[in-house]
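Okay, work30.csv now, which holds CSV, C-alpha atoms:
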```csv
chain,number,residue,atom,x,y,z
A,1,MET,CA,-16.4,32.6,22.3
A,2,SER,CA,-14.4,32.6,19.0
A,3,PRO,CA,-16.0,33.3,15.6
A,4,SER,CA,-15.4,29.6,14.6
A,5,LYS,CA,-18.1,28.7,17.1
A,6,SER,CA,-20.8,29.7,14.7
A,7,LYS,CA,-19.3,27.8,11.8
A,8,ASN,CA,-20.6,24.4,10.6
A,9,LEU,CA,-17.5,22.1,11.0
A,10,THR,CA,-19.2,19.0,9.4
A,11,PRO,CA,-17.6,19.5,6.0
A,12,SER,CA,-14.1,19.8,7.3
A,13,TYR,CA,-14.5,17.1,9.9
A,14,ALA,CA,-16.0,14.8,7.2
A,15,VAL,CA,-12.8,15.3,5.1
A,16,ILE,CA,-10.7,14.4,8.2
A,17,GLN,CA,-12.8,11.2,8.6
A,18,GLY,CA,-12.7,10.5,4.9
A,19,LEU,CA,-8.9,10.7,4.7
A,20,TYR,CA,-8.5,8.6,7.8
A,21,TRP,CA,-10.7,5.8,6.5
A,22,MET,CA,-9.0,5.9,3.1
A,23,TYR,CA,-5.7,5.6,5.0
A,24,PHE,CA,-7.2,2.7,7.1
A,25,ALA,CA,-8.3,0.9,3.9
A,26,ALA,CA,-4.9,1.3,2.2
A,27,ILE,CA,-3.0,-0.1,5.2
A,28,MET,CA,-5.4,-2.7,6.6
A,29,SER,CA,-7.6,-3.9,3.8
A,30,PHE,CA,-4.6,-4.3,1.4
A,31,SER,CA,-2.2,-5.6,4.0
A,32,GLY,CA,-2.6,-9.2,2.7
A,33,PHE,CA,-2.0,-8.1,-0.9
A,34,PHE,CA,1.1,-6.0,-0.1
A,35,LEU,CA,2.8,-8.4,2.4
A,36,LEU,CA,2.1,-11.6,0.4
A,37,SER,CA,3.6,-9.8,-2.6
A,38,GLY,CA,6.6,-9.0,-0.5
A,39,GLY,CA,7.3,-12.6,0.5
A,40,PHE,CA,5.4,-12.9,3.8
A,41,THR,CA,3.3,-16.0,4.7
A,42,ASN,CA,-0.2,-15.7,6.0
A,43,THR,CA,1.0,-16.8,9.5
A,44,GLN,CA,3.8,-14.1,9.4
A,45,ILE,CA,1.2,-11.5,8.4
A,46,GLY,CA,-1.1,-12.5,11.2
A,47,ILE,CA,1.8,-12.4,13.8
A,48,LEU,CA,2.9,-9.0,12.5
A,49,ALA,CA,-0.6,-7.5,12.7
A,50,ALA,CA,-1.1,-9.1,16.1
A,51,ILE,CA,2.1,-7.6,17.6
A,52,ALA,CA,1.1,-4.2,16.1
A,53,GLY,CA,-2.3,-4.5,17.6
A,54,LEU,CA,-1.0,-5.5,21.0
A,55,LEU,CA,1.3,-2.5,21.0
A,56,SER,CA,-1.5,-0.3,20.1
A,57,ALA,CA,-3.8,-1.8,22.8
A,58,VAL,CA,-1.2,-1.0,25.4
A,59,LEU,CA,-0.6,2.5,24.2
A,60,GLN,CA,-4.3,3.6,23.7
A,61,PRO,CA,-5.3,4.0,27.4
A,62,VAL,CA,-1.9,5.5,28.2
A,63,LEU,CA,-2.1,8.1,25.5
A,64,ALA,CA,-5.8,8.7,26.3
A,65,GLY,CA,-4.8,9.4,29.9
A,66,TYR,CA,-2.1,11.7,28.8
A,67,ALA,CA,-4.5,13.6,26.5
A,68,ASP,CA,-6.8,14.3,29.5
A,69,GLN,CA,-4.0,16.1,31.4
A,70,PRO,CA,-4.1,19.9,31.5
A,71,GLN,CA,-0.5,20.2,30.2
A,72,SER,CA,-1.0,17.9,27.3
A,73,PRO,CA,-1.3,19.1,23.6
A,74,SER,CA,-4.7,19.4,22.1
A,75,LEU,CA,-6.3,16.4,20.3
A,76,LYS,CA,-5.6,18.1,17.0
A,77,LYS,CA,-1.9,18.4,17.8
A,78,LEU,CA,-1.7,14.8,19.0
A,79,ILE,CA,-3.2,13.6,15.8
A,80,GLN,CA,-0.8,15.7,13.7
A,81,MET,CA,2.1,14.2,15.6
A,82,LEU,CA,0.8,10.7,14.9
A,83,TYR,CA,0.4,11.5,11.2
A,84,LEU,CA,4.0,12.8,11.0
A,85,LEU,CA,5.3,9.6,12.5
A,86,GLN,CA,3.3,7.7,10.0
A,87,LEU,CA,4.8,9.7,7.1
A,88,ILE,CA,8.3,8.8,8.3
A,89,LEU,CA,7.4,5.1,8.6
A,90,VAL,CA,5.8,4.9,5.1
A,91,ILE,CA,8.6,6.8,3.4
A,92,GLY,CA,10.9,4.2,4.9
A,93,LEU,CA,8.6,1.4,3.7
A,94,PHE,CA,8.7,2.8,0.2
A,95,LEU,CA,12.5,2.7,0.2
A,96,SER,CA,12.8,-0.7,2.1
A,97,HIS,CA,14.2,-3.8,0.3
A,98,SER,CA,14.6,-5.9,3.5
A,99,LEU,CA,11.9,-8.4,4.6
A,100,ILE,CA,12.6,-7.7,8.3
A,101,LEU,CA,12.7,-3.9,7.9
A,102,THR,CA,9.5,-4.0,5.8
A,103,GLY,CA,7.8,-6.0,8.5
A,104,LEU,CA,8.9,-3.7,11.2
A,105,LEU,CA,7.8,-0.5,9.3
A,106,TYR,CA,4.5,-2.0,8.2
A,107,GLY,CA,3.7,-3.3,11.7
A,108,SER,CA,4.5,0.1,13.2
A,109,SER,CA,2.2,1.7,10.6
A,110,ILE,CA,-0.7,-0.7,11.7
A,111,ALA,CA,-0.1,0.2,15.3
A,112,LEU,CA,-0.2,3.9,14.6
A,113,LEU,CA,-3.4,3.4,12.5
A,114,GLN,CA,-5.2,1.7,15.3
A,115,LEU,CA,-3.9,4.1,17.9
A,116,MET,CA,-5.5,7.1,16.1
A,117,THR,CA,-9.1,5.8,15.9
A,118,PRO,CA,-10.3,7.1,19.4
A,119,PHE,CA,-8.6,10.4,18.9
A,120,ILE,CA,-10.2,11.0,15.4
A,121,ASN,CA,-13.6,10.2,17.0
A,122,SER,CA,-12.9,12.3,20.0
A,123,LEU,CA,-11.9,15.3,17.9
A,124,GLY,CA,-15.4,15.4,16.5
A,125,MET,CA,-17.2,14.8,19.9
A,126,GLU,CA,-15.0,17.4,21.6
A,127,SER,CA,-15.8,19.9,18.9
A,128,ILE,CA,-19.5,19.3,19.5
A,129,ASN,CA,-18.9,19.7,23.3
A,130,GLN,CA,-17.2,23.0,22.7
A,131,GLY,CA,-20.3,24.3,20.9
A,132,HIS,CA,-19.5,23.8,17.3
A,133,SER,CA,-22.1,22.7,14.8
A,134,LEU,CA,-21.1,19.2,13.7
A,135,ASN,CA,-23.1,16.2,12.5
A,136,PHE,CA,-20.9,13.3,13.6
A,137,GLY,CA,-23.0,10.6,11.9
A,138,LEU,CA,-22.9,12.4,8.5
A,139,ALA,CA,-19.2,13.0,8.8
A,140,ARG,CA,-18.5,9.4,9.7
A,141,GLY,CA,-20.7,8.3,6.8
A,142,MET,CA,-18.5,10.3,4.5
A,143,GLY,CA,-15.6,8.3,5.9
A,144,SER,CA,-17.4,5.2,4.6
A,145,VAL,CA,-17.9,6.8,1.2
A,146,ALA,CA,-14.2,7.5,1.0
A,147,TYR,CA,-13.4,4.0,2.2
A,148,ALA,CA,-15.5,2.5,-0.5
A,149,CYS,CA,-14.0,4.8,-3.2
A,150,ILE,CA,-10.4,4.0,-2.3
A,151,CYS,CA,-11.0,0.3,-2.0
A,152,TYR,CA,-12.5,0.2,-5.5
A,153,ILE,CA,-9.8,2.4,-6.9
A,154,LEU,CA,-6.9,0.5,-5.3
A,155,GLY,CA,-8.4,-2.7,-6.4
A,156,ILE,CA,-7.9,-1.6,-10.0
A,157,ILE,CA,-4.6,0.2,-9.4
A,158,THR,CA,-2.9,-2.7,-7.6
A,159,VAL,CA,-3.6,-5.0,-10.5
A,160,LYS,CA,-1.7,-2.6,-12.9
A,161,ALA,CA,0.9,-1.0,-10.6
A,162,GLY,CA,1.5,-3.7,-8.1
A,163,PRO,CA,2.3,-3.5,-4.4
A,164,VAL,CA,4.3,-0.2,-4.6
A,165,SER,CA,1.0,1.6,-5.1
A,166,ILE,CA,0.1,1.0,-1.4
A,167,PRO,CA,2.9,3.1,0.3
A,168,ILE,CA,2.6,5.8,-2.4
A,169,THR,CA,-1.1,6.1,-1.7
A,170,VAL,CA,-0.5,6.2,2.1
A,171,ILE,CA,2.1,9.0,1.7
A,172,VAL,CA,-0.3,11.1,-0.4
A,173,LEU,CA,-3.2,10.5,2.1
A,174,THR,CA,-1.0,11.4,5.1
A,175,LEU,CA,0.1,14.7,3.5
A,176,LEU,CA,-3.5,15.6,2.7
A,177,SER,CA,-4.5,14.7,6.3
A,178,LEU,CA,-1.9,17.0,7.7
A,179,GLY,CA,-3.1,19.8,5.5
A,180,ILE,CA,-6.7,19.6,6.5
A,181,LEU,CA,-5.8,19.3,10.2
A,182,ILE,CA,-3.9,22.6,10.0
A,183,LEU,CA,-7.1,24.3,8.7
A,184,PHE,CA,-9.4,22.6,11.2
A,185,PRO,CA,-10.3,25.2,13.9
A,186,PHE,CA,-9.8,23.2,17.1
A,187,SER,CA,-8.0,24.1,20.3
A,188,LYS,CA,-8.0,22.5,23.8
A,189,ALA,CA,-10.8,24.0,25.8
A,190,LYS,CA,-10.0,25.5,29.2
A,191,SER,CA,-12.9,23.6,30.7
A,192,ASP,CA,-11.3,20.3,29.6
A,193,SER,CA,-8.4,20.8,32.0
A,194,THR,CA,-10.1,22.7,34.8
A,195,ALA,CA,-13.3,20.6,35.2
A,196,THR,CA,-11.4,17.6,36.2
A,197,ASN,CA,-10.8,17.4,40.0
A,198,ALA,CA,-8.5,14.9,41.8
A,199,PRO,CA,-11.0,12.1,42.5
A,200,LYS,CA,-12.3,12.1,38.9
A,201,SER,CA,-8.8,12.0,37.6
A,202,SER,CA,-7.8,9.0,39.7
A,203,SER,CA,-10.9,7.2,38.4
A,204,ASP,CA,-10.1,8.1,34.8
A,205,ASN,CA,-6.5,6.9,35.0
A,206,ASN,CA,-7.0,3.8,37.1
A,207,PRO,CA,-8.6,0.9,35.2
A,208,ILE,CA,-9.6,-0.9,38.4
A,209,LEU,CA,-11.5,2.1,39.7
A,210,PHE,CA,-13.0,2.7,36.3
A,211,PHE,CA,-14.4,-0.8,35.9
A,212,ARG,CA,-15.6,-0.9,39.5
A,213,LYS,CA,-17.6,2.2,38.6
A,214,TYR,CA,-19.0,0.6,35.4
A,215,LYS,CA,-19.1,-3.1,36.2
A,216,ARG,CA,-21.1,-4.4,33.3
A,217,PHE,CA,-19.2,-2.3,30.8
A,218,SER,CA,-16.2,-4.7,31.1
A,219,LEU,CA,-18.5,-7.6,30.1
A,220,VAL,CA,-19.8,-5.6,27.1
A,221,LEU,CA,-16.2,-5.0,26.1
A,222,LEU,CA,-15.5,-8.7,26.3
A,223,GLY,CA,-18.4,-9.4,24.0
A,224,CYS,CA,-17.2,-6.7,21.6
A,225,ILE,CA,-13.7,-8.3,21.6
A,226,PHE,CA,-15.3,-11.5,20.2
A,227,ILE,CA,-17.4,-9.5,17.7
A,228,TYR,CA,-14.4,-7.4,16.6
A,229,LEU,CA,-12.3,-10.6,16.3
A,230,SER,CA,-14.8,-11.9,13.8
A,231,HIS,CA,-14.8,-8.6,11.9
A,232,VAL,CA,-11.0,-8.5,11.7
A,233,LEU,CA,-10.9,-12.0,10.3
A,234,LEU,CA,-13.2,-10.9,7.5
A,235,ASN,CA,-11.6,-7.6,6.9
A,236,ASN,CA,-7.8,-8.2,7.3
A,237,PHE,CA,-8.0,-11.5,5.3
A,238,ASN,CA,-10.4,-10.2,2.7
A,239,PHE,CA,-7.9,-10.9,0.0
A,240,GLN,CA,-7.5,-14.5,1.0
A,241,ILE,CA,-11.3,-14.9,1.2
A,242,ALA,CA,-11.7,-13.4,-2.3
A,243,LEU,CA,-9.2,-15.9,-3.6
A,244,ALA,CA,-11.0,-18.8,-2.0
A,245,LYS,CA,-14.3,-17.6,-3.6
A,246,GLY,CA,-12.7,-17.5,-7.0
A,247,GLY,CA,-11.6,-13.8,-7.2
A,248,GLY,CA,-8.5,-11.7,-6.6
A,249,SER,CA,-7.4,-8.2,-5.5
A,250,ALA,CA,-10.0,-6.5,-7.8
A,251,GLU,CA,-12.8,-8.6,-6.4
A,252,MET,CA,-11.6,-7.9,-2.9
A,253,GLY,CA,-11.6,-4.2,-3.6
A,254,THR,CA,-15.1,-4.3,-5.0
A,255,ALA,CA,-16.4,-6.3,-2.0
A,256,SER,CA,-14.9,-3.8,0.4
A,257,ALA,CA,-16.4,-1.0,-1.6
A,258,ILE,CA,-19.8,-2.6,-1.5
A,259,ALA,CA,-19.6,-3.1,2.3
A,260,ALA,CA,-18.6,0.5,2.8
A,261,ILE,CA,-21.4,1.8,0.6
A,262,CYS,CA,-23.9,-0.4,2.6
A,263,GLU,CA,-22.9,1.5,5.8
A,264,LEU,CA,-24.0,4.8,4.4
A,265,PRO,CA,-27.8,4.6,5.0
A,266,THR,CA,-27.2,3.7,8.6
A,267,LEU,CA,-24.6,6.4,9.3
A,268,PHE,CA,-26.4,9.2,7.3
A,269,LEU,CA,-29.7,8.4,9.1
A,270,PHE,CA,-28.2,7.7,12.5
A,271,GLY,CA,-29.4,11.0,13.9
A,272,TYR,CA,-32.9,9.9,13.2
A,273,ILE,CA,-32.3,6.3,14.3
A,274,ILE,CA,-30.9,7.4,17.7
A,275,ARG,CA,-34.1,9.4,18.4
A,276,LYS,CA,-36.2,6.3,17.8
A,277,PHE,CA,-34.2,3.5,19.5
A,278,ARG,CA,-32.0,3.3,22.6
A,279,CYS,CA,-28.2,2.9,22.2
A,280,ASP,CA,-28.2,-0.5,24.0
A,281,LEU,CA,-30.8,-1.9,21.5
A,282,LEU,CA,-28.7,-0.6,18.6
A,283,LEU,CA,-25.6,-2.2,20.1
A,284,LYS,CA,-27.3,-5.6,20.5
A,285,THR,CA,-28.7,-5.4,16.9
A,286,ALA,CA,-25.2,-4.7,15.5
A,287,GLY,CA,-23.9,-7.9,17.3
A,288,ILE,CA,-26.6,-10.0,15.6
A,289,PHE,CA,-25.8,-8.7,12.2
A,290,PHE,CA,-22.1,-9.2,12.6
A,291,THR,CA,-22.9,-12.9,13.1
A,292,ILE,CA,-25.2,-13.0,10.1
A,293,LYS,CA,-22.5,-11.5,7.9
A,294,ALA,CA,-19.9,-13.9,9.1
A,295,LEU,CA,-22.2,-16.9,8.5
A,296,GLY,CA,-23.1,-15.6,5.0
A,297,THR,CA,-19.5,-15.2,4.1
A,298,LEU,CA,-18.8,-18.8,5.3
A,299,LEU,CA,-21.7,-20.2,3.2
A,300,ALA,CA,-21.1,-18.0,0.0
A,301,PRO,CA,-20.3,-20.4,-2.9
A,302,GLY,CA,-18.7,-17.8,-5.1
A,303,ILE,CA,-18.0,-14.1,-5.8
A,304,PRO,CA,-21.6,-13.0,-6.6
A,305,VAL,CA,-23.0,-14.2,-3.3
A,306,PHE,CA,-19.9,-12.9,-1.5
A,307,TYR,CA,-20.8,-9.5,-2.9
A,308,GLY,CA,-24.4,-9.9,-1.8
A,309,VAL,CA,-23.4,-10.8,1.8
A,310,GLN,CA,-21.8,-7.3,2.1
A,311,ILE,CA,-25.3,-5.8,2.6
A,312,PHE,CA,-25.3,-7.0,6.2
A,313,GLN,CA,-22.6,-4.5,6.9
A,314,MET,CA,-25.4,-2.0,7.0
A,315,LEU,CA,-26.6,-3.1,10.4
A,316,GLY,CA,-23.4,-4.7,11.6
A,317,TRP,CA,-20.3,-2.5,11.4
A,318,GLY,CA,-22.3,0.5,10.1
A,319,LEU,CA,-24.5,0.4,13.2
A,320,MET,CA,-21.8,-0.5,15.7
A,321,THR,CA,-19.4,2.3,14.7
A,322,ALA,CA,-21.9,5.0,15.6
A,323,ALA,CA,-23.9,3.2,18.3
A,324,SER,CA,-20.8,2.4,20.4
A,325,VAL,CA,-19.8,6.1,20.5
A,326,TYR,CA,-23.3,7.2,21.7
A,327,TYR,CA,-23.6,4.2,24.1
A,328,VAL,CA,-20.5,5.4,26.0
A,329,ASN,CA,-21.8,8.9,26.1
A,330,ALA,CA,-25.2,7.8,27.3
A,331,LEU,CA,-23.8,5.4,29.9
A,332,MET,CA,-20.9,7.3,31.4
A,333,GLU,CA,-20.4,10.6,33.3
A,334,PRO,CA,-18.8,13.3,31.2
A,335,GLU,CA,-15.4,12.9,33.0
A,336,ASP,CA,-15.3,9.3,32.0
A,337,ALA,CA,-16.5,9.5,28.4
A,338,ILE,CA,-13.1,9.9,26.6
A,339,LYS,CA,-11.7,7.0,28.6
A,340,GLY,CA,-14.7,4.9,27.7
A,341,GLN,CA,-14.1,5.7,24.0
A,342,ALA,CA,-10.5,4.6,24.4
A,343,TYR,CA,-11.5,1.3,26.1
A,344,PHE,CA,-14.0,0.6,23.3
A,345,THR,CA,-11.2,1.2,20.7
A,346,MET,CA,-8.9,-1.0,22.8
A,347,ALA,CA,-11.5,-3.8,22.6
A,348,TYR,CA,-11.4,-3.5,18.8
A,349,THR,CA,-7.6,-3.6,19.0
A,350,LEU,CA,-7.5,-6.7,21.2
A,351,GLY,CA,-9.9,-8.3,18.8
A,352,SER,CA,-7.6,-7.3,16.0
A,353,VAL,CA,-4.6,-8.8,17.8
A,354,LEU,CA,-6.4,-12.2,18.2
A,355,GLY,CA,-7.9,-12.1,14.8
A,356,SER,CA,-4.7,-11.2,13.0
A,357,PHE,CA,-2.7,-14.0,14.8
A,358,LEU,CA,-5.4,-16.7,14.6
A,359,GLY,CA,-6.5,-15.8,11.0
A,360,GLY,CA,-3.2,-16.3,9.4
A,361,THR,CA,-2.4,-19.4,11.4
A,362,LEU,CA,-5.9,-21.0,10.6
A,363,ILE,CA,-5.6,-20.2,6.9
A,364,ASP,CA,-2.1,-21.8,6.7
A,365,LEU,CA,-3.0,-24.8,8.8
A,366,ALA,CA,-6.6,-25.5,7.8
A,367,GLY,CA,-7.6,-23.1,5.0
A,368,VAL,CA,-10.0,-20.2,4.6
A,369,HIS,CA,-13.1,-22.2,5.3
A,370,ALA,CA,-11.9,-23.1,8.8
A,371,MET,CA,-11.0,-19.5,9.4
A,372,LEU,CA,-14.6,-18.4,8.4
A,373,LEU,CA,-16.1,-21.1,10.6
A,374,PHE,CA,-14.1,-19.7,13.5
A,375,SER,CA,-15.2,-16.2,12.6
A,376,THR,CA,-18.8,-17.1,12.7
A,377,GLY,CA,-18.5,-18.8,16.1
A,378,SER,CA,-16.7,-15.8,17.5
A,379,ALA,CA,-19.3,-13.4,16.3
A,380,PHE,CA,-22.1,-15.5,17.8
A,381,ILE,CA,-20.4,-15.7,21.2
A,382,GLY,CA,-19.7,-12.0,21.3
A,383,ALA,CA,-23.3,-11.1,20.2
A,384,LEU,CA,-24.7,-13.3,23.0
A,385,ILE,CA,-22.6,-11.6,25.6
A,386,VAL,CA,-23.6,-8.2,24.5
A,387,LEU,CA,-27.3,-9.2,24.4
A,388,ILE,CA,-27.1,-10.3,28.0
A,389,PHE,CA,-24.9,-7.6,29.6
A,390,ALA,CA,-25.4,-4.4,27.6
A,391,GLU,CA,-27.1,-2.0,30.1
A,392,ARG,CA,-30.4,-0.2,29.3
A,393,THR,CA,-29.7,3.4,28.5
A,394,SER,CA,-32.0,6.4,28.9
A,395,LYS,CA,-31.7,7.2,25.2
```
Represent the structure of the file as structure tokens.
Amino acid sequence: MSPSKSKNLTPSYAVIQGLYWMYFAAIMSFSGFFLLSGGFTNTQIGILAAIAGLLSAVLQPVLAGYADQPQSPSLKKLIQMLYLLQLILVIGLFLSHSLILTGLLYGSSIALLQLMTPFINSLGMESINQGHSLNFGLARGMGSVAYACICYILGIITVKAGPVSIPITVIVLTLLSLGILILFPFSKAKSDSTATNAPKSSSDNNPILFFRKYKRFSLVLLGCIFIYLSHVLLNNFNFQIALAKGGGSAEMGTASAIAAICELPTLFLFGYIIRKFRCDLLLKTAGIFFTIKALGTLLAPGIPVFYGVQIFQMLGWGLMTAASVYYVNALMEPEDAIKGQAYFTMAYTLGSVLGSFLGGTLIDLAGVHAMLLFSTGSAFIGALIVLIFAERTSK
């Protein structure tokens, strides 16, 4: 078709993934540092993130359904619009001197952040479907490299510059993201809008029909909610965990960077891994290693062991983030794949809602140790559900 079909889009898409995960790290991983510095309590931070996640969970399938419509803008344009909204919010955050306004703006930023995940992933998968050359695993791996770098850098900067460094960083990342998206050669394919007939559309847009069609998928999502709840407790309250282990924001940044680096071998080699092991086996393995990481964090006596525990990220989040995308594609018919991606992201978002609310409350009422104990139990329950109900895939 167009000349861009013959181009390798992996480098430009890797930049899109990298900027997004840097943006994710700045907003989510440093949310505790920024909001605690602004006068919020752990409980208030948890409630704020929970409300934001709930809003995102409601909007994800709605926006995904809209994106499937023939008259809707392309994925690229939708992502650009979300980034523009983010830019407005963070400029307001930078200028805000009110606790209520800061909470409203930061919560909205979290909601937009979570809302974008399935669309960033779908941008890559749709580019592949349109015939472009694109290595999704490699590009996603570069996202983890970028995440590790920004966590380490912000861990140092925040000590010197304070909380104002967070909104400044997000503004810069948002502008860069808008720039690379302008250059990314993506347009809505004609086949995306014409290949969908009326019966398929009703299945796509009706959750009841969708889950009747994929009965065990709903149970897998339930297990993933428990797993993601555990992950969010460890990720969103990483600053509080680092404090409990004897560190601070610099140690939190270093731990996050180590975890992100440990994802890289899995993501870079995922093209090889997926040829050797079925998607359902990889999904089950990821659930087990989420549990091991949560348990290791609970038992870690100090910062050195806390650093060491991050290695389990390799076969936990590192495996889950790629395996879940391929699991949906292997399990579902083409007309249901984008919706399936959105539901997987919604499972993460619901886990985030529960984790954000429960984490802050547990820390304030019973301390970090109780929160980590709950995180371990949640990961175990989720992994058990996935082990039982994940369907065998053909590849």
Legend entry - Distance in Å - CA of Lys293 (chain A) versus CA of Leu387 (chain A):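 A separation of 17.3 Å between them.
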Legend entry - Lys245 (chain A) surroundings by all atoms listed in the file, 7 Å radius, close-in-sequence under 4 positions cut, as an MDAnalysis selection string: chainID A and resid 241 301:303
Legend entry - Length of the CA of Thr169 (chain A) to CA of Ala26 (chain A) vector [Å]: 7.3 Å
Legend entry - d(CA of Thr41 (chain A), CA of Thr361 (chain A)) in Å: 9.4 Å
Inset, instruction - Go through A:Val305, A:Leu99, A:Leu9, A:Ala25 one by one, measure the shortest atom-to-atom distance of each to His132 (chain A) using only C-alpha atoms, and give the residue with the smallest value. - result: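 Among the listed residues, A:Leu9 lies closest to His132 (chain A).
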Legend entry - Residue nearest Phe119 (chain A) - candidates A:Ile180, A:Leu269, A:Leu82, A:Ala294, atoms counted: only C-alpha atoms: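 Smallest separation from Phe119 (chain A) among the options: A:Leu82.
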Legend entry - Counting only C-alpha atoms, the option among A:Leu315, A:Ala111, A:Leu229, A:Met28 closest to Gln86 (chain A): A:Ala111
Legend entry - Nearest candidate to Tyr13 (chain A) (options A:Gly137, A:Gly32, A:Gly103, A:Gly38; using all atoms listed in the file):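 Under the stated criterion, the closest residue is A:Gly137.
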Inset, instruction - Take the point (-24.4, -3.6, 1.6) in the file's coordinates, draw a sphere of radius 7 Å around it, and report as a ChimeraX atom specification every protein, DNA or RNA residue with an atom inside or on it, counting all atoms listed in the file. - result: /A:258-259,261-263,310-314
Legend entry - Among the residues A:Ser144, A:Thr297, A:Ser96, A:Ser165, the one that comes closest to Ala257 (chain A) [using only C-alpha atoms]: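 Nearest candidate to Ala257 (chain A) out of A:Ser144, A:Thr297, A:Ser96, A:Ser165: A:Ser144.
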What's around Val58 (chain A) at 12 Å? Count all atoms listed in the file, leave out sequence neighbours fewer than 3 positions away in its own chain, and write the answer as a compact mmCIF listing (two decimals) with C-alpha atoms, keeping the file's coordinate frame.
```txt
# COMPACT_ATOMS: atom_id res chain seq x y z
CA ILE A 51 2.10 -7.60 17.60
CA ALA A 52 1.10 -4.20 16.10
CA GLY A 53 -2.30 -4.50 17.60
CA LEU A 54 -1.00 -5.50 21.00
CA LEU A 55 1.30 -2.50 21.00
CA PRO A 61 -5.30 4.00 27.40
CA VAL A 62 -1.90 5.50 28.20
CA LEU A 63 -2.10 8.10 25.50
CA ALA A 64 -5.80 8.70 26.30
CA GLY A 65 -4.80 9.40 29.90
CA ALA A 111 -0.10 0.20 15.30
CA LEU A 112 -0.20 3.90 14.60
CA GLN A 114 -5.20 1.70 15.30
CA LEU A 115 -3.90 4.10 17.90
CA ALA A 342 -10.50 4.60 24.40
CA TYR A 343 -11.50 1.30 26.10
CA THR A 345 -11.20 1.20 20.70
CA MET A 346 -8.90 -1.00 22.80
CA ALA A 347 -11.50 -3.80 22.60
CA THR A 349 -7.60 -3.60 19.00
CA LEU A 350 -7.50 -6.70 21.20
CA VAL A 353 -4.60 -8.80 17.80
```
Legend entry - Residue nearest Ala67 (chain A) among A:Leu175, A:Ile157, A:Leu298, A:Ile79 (counting only C-alpha atoms): A:Ile79
Inset, instruction - Skip Phe34 (chain A) itself and residues of its chain fewer than 3 positions away, then list as a PyMOL selection string all residues within 10 Å of it, counting only C-alpha atoms. - result: chain A and resi 26-31+37-40+106+158+162-167
